[in-house]
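Scroll down for the structure; my scribbles are underneath it.
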Amino acid sequence: MRRAARVDLKHGAIRDELRRLSFRVKDVHALPGYADLHVSRHGLAVLVEVKSPGGKLTQDELKFWQEWQGPLILVERAEEVVCWFEGMEGR
């Protein structure tokens, strides 16, 4: 049996803040090696890996980052996700 995936301390707060700001957020942290959140707004989507300050990617996460071919960001705060969307929407 697989152990529960470890969740960084700010994970829930970031997820909840993004939802409060009208982002669509799918919490997928339980998928082994996959990003923590799938976030979308206005036709754009990004995978989000949440880490506490000083947190490091696991070996499974590193492998996923090397293989993934779409947008993927590492954040410590919800504001970083908002900034990513603002930058992409301005293109």
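How things are named: the first chain in the structure tokens is A, the next is B, and so on; residues count from 1 in each chain; ligands count from 1 in the order shown.
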
inquiry  = I'd like to know which residues of chain A are strand (DSSP E) (by DSSP, run on the backbone); could you write them as an MDAnalysis selection string?
reply    = chainID A and resid 24:27 37:41 44:50 72:75

Those residues with N, CA and C atoms, as a PDB file, in the first residue's frame please?
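For reference, out_10.pdb as written:
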ATOM      1  N   ARG A  24      -9.583  28.240 -11.547  1.00  0.00           N
ATOM      2  CA  ARG A  24     -10.046  26.858 -11.449  1.00  0.00           C
ATOM      3  C   ARG A  24      -8.847  26.039 -11.008  1.00  0.00           C
ATOM      4  N   VAL A  25      -8.997  25.297  -9.922  1.00  0.00           N
ATOM      5  CA  VAL A  25      -7.871  24.570  -9.341  1.00  0.00           C
ATOM      6  C   VAL A  25      -8.266  23.126  -9.095  1.00  0.00           C
ATOM      7  N   LYS A  26      -7.509  22.214  -9.672  1.00  0.00           N
ATOM      8  CA  LYS A  26      -7.659  20.780  -9.416  1.00  0.00           C
ATOM      9  C   LYS A  26      -6.466  20.356  -8.570  1.00  0.00           C
ATOM     10  N   ASP A  27      -6.741  19.844  -7.382  1.00  0.00           N
ATOM     11  CA  ASP A  27      -5.690  19.400  -6.469  1.00  0.00           C
ATOM     12  C   ASP A  27      -5.310  17.969  -6.834  1.00  0.00           C
ATOM     13  N   LEU A  37      -0.837  21.025  -8.166  1.00  0.00           N
ATOM     14  CA  LEU A  37      -2.072  21.673  -8.581  1.00  0.00           C
ATOM     15  C   LEU A  37      -2.110  21.855 -10.092  1.00  0.00           C
ATOM     16  N   HIS A  38      -3.298  21.708 -10.666  1.00  0.00           N
ATOM     17  CA  HIS A  38      -3.537  22.048 -12.066  1.00  0.00           C
ATOM     18  C   HIS A  38      -4.429  23.281 -12.006  1.00  0.00           C
ATOM     19  N   VAL A  39      -3.914  24.415 -12.488  1.00  0.00           N
ATOM     20  CA  VAL A  39      -4.598  25.694 -12.337  1.00  0.00           C
ATOM     21  C   VAL A  39      -4.917  26.259 -13.711  1.00  0.00           C
ATOM     22  N   SER A  40      -6.156  26.780 -13.868  1.00  0.00           N
ATOM     23  CA  SER A  40      -6.528  27.378 -15.147  1.00  0.00           C
ATOM     24  C   SER A  40      -7.351  28.649 -14.937  1.00  0.00           C
ATOM     25  N   ARG A  41      -7.285  29.499 -15.978  1.00  0.00           N
ATOM     26  CA  ARG A  41      -8.069  30.731 -16.020  1.00  0.00           C
ATOM     27  C   ARG A  41      -8.017  31.276 -17.441  1.00  0.00           C
ATOM     28  N   LEU A  44      -6.106  29.451 -20.259  1.00  0.00           N
ATOM     29  CA  LEU A  44      -4.712  29.087 -19.999  1.00  0.00           C
ATOM     30  C   LEU A  44      -4.658  28.123 -18.824  1.00  0.00           C
ATOM     31  N   ALA A  45      -3.665  27.241 -18.844  1.00  0.00           N
ATOM     32  CA  ALA A  45      -3.494  26.285 -17.747  1.00  0.00           C
ATOM     33  C   ALA A  45      -2.018  26.089 -17.458  1.00  0.00           C
ATOM     34  N   VAL A  46      -1.723  25.807 -16.192  1.00  0.00           N
ATOM     35  CA  VAL A  46      -0.352  25.552 -15.770  1.00  0.00           C
ATOM     36  C   VAL A  46      -0.380  24.516 -14.648  1.00  0.00           C
ATOM     37  N   LEU A  47       0.633  23.688 -14.616  1.00  0.00           N
ATOM     38  CA  LEU A  47       0.825  22.792 -13.486  1.00  0.00           C
ATOM     39  C   LEU A  47       1.680  23.526 -12.462  1.00  0.00           C
ATOM     40  N   VAL A  48       1.322  23.373 -11.196  1.00  0.00           N
ATOM     41  CA  VAL A  48       1.990  24.118 -10.129  1.00  0.00           C
ATOM     42  C   VAL A  48       2.531  23.148  -9.084  1.00  0.00           C
ATOM     43  N   GLU A  49       3.807  23.254  -8.812  1.00  0.00           N
ATOM     44  CA  GLU A  49       4.443  22.504  -7.733  1.00  0.00           C
ATOM     45  C   GLU A  49       4.637  23.463  -6.567  1.00  0.00           C
ATOM     46  N   VAL A  50       4.069  23.137  -5.420  1.00  0.00           N
ATOM     47  CA  VAL A  50       4.158  23.989  -4.235  1.00  0.00           C
ATOM     48  C   VAL A  50       5.264  23.467  -3.334  1.00  0.00           C
ATOM     49  N   LEU A  72       4.912  24.530 -16.392  1.00  0.00           N
ATOM     50  CA  LEU A  72       5.056  23.964 -15.049  1.00  0.00           C
ATOM     51  C   LEU A  72       5.861  24.964 -14.234  1.00  0.00           C
ATOM     52  N   ILE A  73       5.315  25.381 -13.092  1.00  0.00           N
ATOM     53  CA  ILE A  73       6.018  26.362 -12.267  1.00  0.00           C
ATOM     54  C   ILE A  73       6.148  25.869 -10.831  1.00  0.00           C
ATOM     55  N   LEU A  74       7.201  26.319 -10.183  1.00  0.00           N
ATOM     56  CA  LEU A  74       7.473  26.012  -8.786  1.00  0.00           C
ATOM     57  C   LEU A  74       7.203  27.281  -7.983  1.00  0.00           C
ATOM     58  N   VAL A  75       6.349  27.195  -6.968  1.00  0.00           N
ATOM     59  CA  VAL A  75       5.975  28.395  -6.220  1.00  0.00           C
ATOM     60  C   VAL A  75       6.015  28.161  -4.717  1.00  0.00           C
TER      61      VAL A  75
END

Per-residue DSSP, chain A, filtered to alpha helix (DSSP H), as a PyMOL selection string = chain A and resi 11-20+59-67+78-89

Keeping only C-alpha atoms, write the selected residues as a PDB file, in the first residue's frame.
ATOM      1  CA  HIS A  11      -0.261  23.801  -0.235  1.00  0.00           C
ATOM      2  CA  GLY A  12      -3.831  24.197   1.050  1.00  0.00           C
ATOM      3  CA  ALA A  13      -3.515  27.936   1.614  1.00  0.00           C
ATOM      4  CA  ILE A  14      -2.271  28.482  -1.943  1.00  0.00           C
ATOM      5  CA  ARG A  15      -5.000  26.264  -3.406  1.00  0.00           C
ATOM      6  CA  ASP A  16      -7.700  28.054  -1.417  1.00  0.00           C
ATOM      7  CA  GLU A  17      -6.402  31.544  -2.250  1.00  0.00           C
ATOM      8  CA  LEU A  18      -6.337  30.773  -5.979  1.00  0.00           C
ATOM      9  CA  ARG A  19      -9.908  29.492  -5.810  1.00  0.00           C
ATOM     10  CA  ARG A  20     -10.927  32.648  -3.918  1.00  0.00           C
ATOM     11  CA  GLN A  59      13.459  12.272  -7.402  1.00  0.00           C
ATOM     12  CA  ASP A  60      10.018  11.483  -8.879  1.00  0.00           C
ATOM     13  CA  GLU A  61       9.263  15.191  -9.207  1.00  0.00           C
ATOM     14  CA  LEU A  62      12.628  15.867 -10.863  1.00  0.00           C
ATOM     15  CA  LYS A  63      11.933  13.128 -13.398  1.00  0.00           C
ATOM     16  CA  PHE A  64       8.494  14.602 -14.106  1.00  0.00           C
ATOM     17  CA  TRP A  65      10.000  18.096 -14.594  1.00  0.00           C
ATOM     18  CA  GLN A  66      12.511  16.709 -17.077  1.00  0.00           C
ATOM     19  CA  GLU A  67       9.841  14.897 -19.108  1.00  0.00           C
ATOM     20  CA  ALA A  78      -0.227  32.149  -4.580  1.00  0.00           C
ATOM     21  CA  GLU A  79       0.979  35.522  -5.893  1.00  0.00           C
ATOM     22  CA  GLU A  80       3.583  33.740  -8.008  1.00  0.00           C
ATOM     23  CA  VAL A  81       0.827  31.838  -9.818  1.00  0.00           C
ATOM     24  CA  VAL A  82      -1.163  35.048 -10.333  1.00  0.00           C
ATOM     25  CA  CYS A  83       1.953  36.732 -11.794  1.00  0.00           C
ATOM     26  CA  TRP A  84       2.511  33.823 -14.184  1.00  0.00           C
ATOM     27  CA  PHE A  85      -1.038  34.173 -15.528  1.00  0.00           C
ATOM     28  CA  GLU A  86      -0.764  37.950 -15.807  1.00  0.00           C
ATOM     29  CA  GLY A  87       2.423  37.530 -17.835  1.00  0.00           C
ATOM     30  CA  MET A  88       0.891  34.937 -20.133  1.00  0.00           C
ATOM     31  CA  GLU A  89      -2.387  36.825 -20.624  1.00  0.00           C
TER      32      GLU A  89
END

task = Grab the CA of Pro53 (chain A) to CA of Val28 (chain A) distance for me, in Å with one decimal place.
result = 20.7 Å

inquiry  = One decimal, in Å: what's the spacing between CA of Lys56 (chain A) and CA of Ser22 (chain A)?
reply    =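 Between CA of Lys56 (chain A) and CA of Ser22 (chain A) the gap works out to 28.6 Å.
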
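With only C-alpha atoms as the atoms that count, the minimum distance from Gly54 (chain A) to the choices A:Leu21, A:Arg91, A:Glu76, A:Gly70 is reached by A:Glu76.
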
key: Option closest in space to Lys10 (chain A), from A:Phe23, A:Thr58, A:Asp36, A:Arg77 [counting only C-alpha atoms]   = A:Arg77
